[in-house]
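In what follows, a structure is listed as structure tokens, so that the remarks can point back to it.
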Amino acid sequence: MPDTELSDAEVIRRARSDPGFFSTLFDRHAPALHQYVTRRLGDSLADDVVAETFLAAFSRLGHYDTAHRDARPWLYGIAANIVGKHRRAEVRAYRALARTGVDEVAESYADRVESRVSAGAAQRELASALAALSPRDREVLLMVAWADFSYEEVAAALGIPVGTVRSRLHRARKKTRAALGGVDPSAAVSEEEPGRGR
């Protein structure tokens with residue numbers, strides 16, 4: 001069976017005795033995790049955070065519960081702990097975006113020019129709202145919005161009950177909506193994906 005057909009749990013089970021299998025897990029999840037962390041902290045820190053995440057995951061292979069076929073919540077949970085060490089940088093970036101409307105963290109020059117034309121004010125308001133959220137509420141909101149996690153996946157990633165995910169997400173959406181003048185930035189996503197349980 002090719003590596004691409006194996007579940008994450010099976011890849012981890014095999015990597016315990018043959019560490020070369022771990023590269024399959026990295027190849028599957030590192031690009032999306034890197035994109036997520038880049039949006040949170042910027043490209044310069046994303047490389048280090050992703051590397052540290054997979055190093056920690058590799059050292060914890062023996063502790064992974066292979067009853068969970070998808071390792072994304074586990075990996076994002078590790079990354080969330082590492083991102084937590086960089087919270088000041090994250091909030092500083094959101095505040096800078098709120099002041100200037102320029103997202104130096106996640107956009108190329110061409111992207112910045114286009115976004116300035118189309119959504120500069122809304123982007124500043126959103127960045128300000130994100131900076132004002134508590135780290136716990138922001139973590140839940142961004143895992144749902146940027147990593148496209150379900151409530152259950154967020155709960156698994158952060159080691160919290162689903163009810164806590166729901167309350168944190170509700171609080172984060174309420175504060176964000178208020179900062180955006182009553183506009184719910186996640187409404188379009190929720191309407192497009194009714195089966196996601198959000």
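If you're wondering about the labels, chains in the structure tokens are A, B, ... by order shown, residues count from 1 in each chain, ligands from 1 in order shown.
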Segment 2-169 of chain A: which residues are helix (DSSP H, G or I) by DSSP, as a PyMOL selection string? chain A and resi 3-5+8-15+19-41+43-59+61-63+72-84+87-100+109-132+135-145+151-158+162-169
Can you tell me which residues surround Ala30 of chain A at a distance of at most 12 Å, considering only C-alpha atoms, apart from same-chain residues fewer than 2 positions away, and format the answer as an NGL selection string? :A and (22-28 or 32-38 or 46-55 or 57 or 71-72 or 75-76 or 79)
Excluding same-chain residues fewer than 6 positions from Ala80 of chain A, what lies within 10 Å of it counting only C-alpha atoms, as a list in words?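 Close residues of Ala80 of chain A: Val37, Val49, Thr53, Trp74, His86, Glu139, Val140, Met143, Ala157 and Leu158 of chain A.
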Could you write out the selected residues, including C-alpha atoms, as a PDB file, in the first residue's frame?
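And here is the file that came out, part_6.pdb:
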```pdb
ATOM      1  CA  VAL A  37       1.472  29.644  11.310  1.00  0.00           C
ATOM      2  CA  VAL A  49       7.522  26.914  14.595  1.00  0.00           C
ATOM      3  CA  THR A  53       6.268  21.235  15.926  1.00  0.00           C
ATOM      4  CA  TRP A  74      -2.484  16.612  17.407  1.00  0.00           C
ATOM      5  CA  HIS A  86       5.218  34.046  20.408  1.00  0.00           C
ATOM      6  CA  GLU A 139      -6.707  30.367  19.097  1.00  0.00           C
ATOM      7  CA  VAL A 140     -10.141  28.751  18.727  1.00  0.00           C
ATOM      8  CA  MET A 143      -8.272  27.201  14.060  1.00  0.00           C
ATOM      9  CA  ALA A 157      -6.010  19.999  19.296  1.00  0.00           C
ATOM     10  CA  LEU A 158      -6.317  22.121  22.428  1.00  0.00           C
TER      11      LEU A 158
END
```
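Take the candidates A:Arg69, A:Arg14, A:Arg92, A:Arg60 and check each one against Arg40 of chain A using only C-alpha atoms; the shortest distance goes to A:Arg92.
You can rank A:Ala15, A:Ala67, A:Phe58, A:Gly42 by their closest distance to Val83 of chain A using only C-alpha atoms, and at the top of that list sits A:Gly42.
Proximity of A:Leu169, A:Leu41, A:Ala179, A:Ala156 to Arg88 of chain A, computed with only C-alpha atoms, is greatest for A:Leu41.
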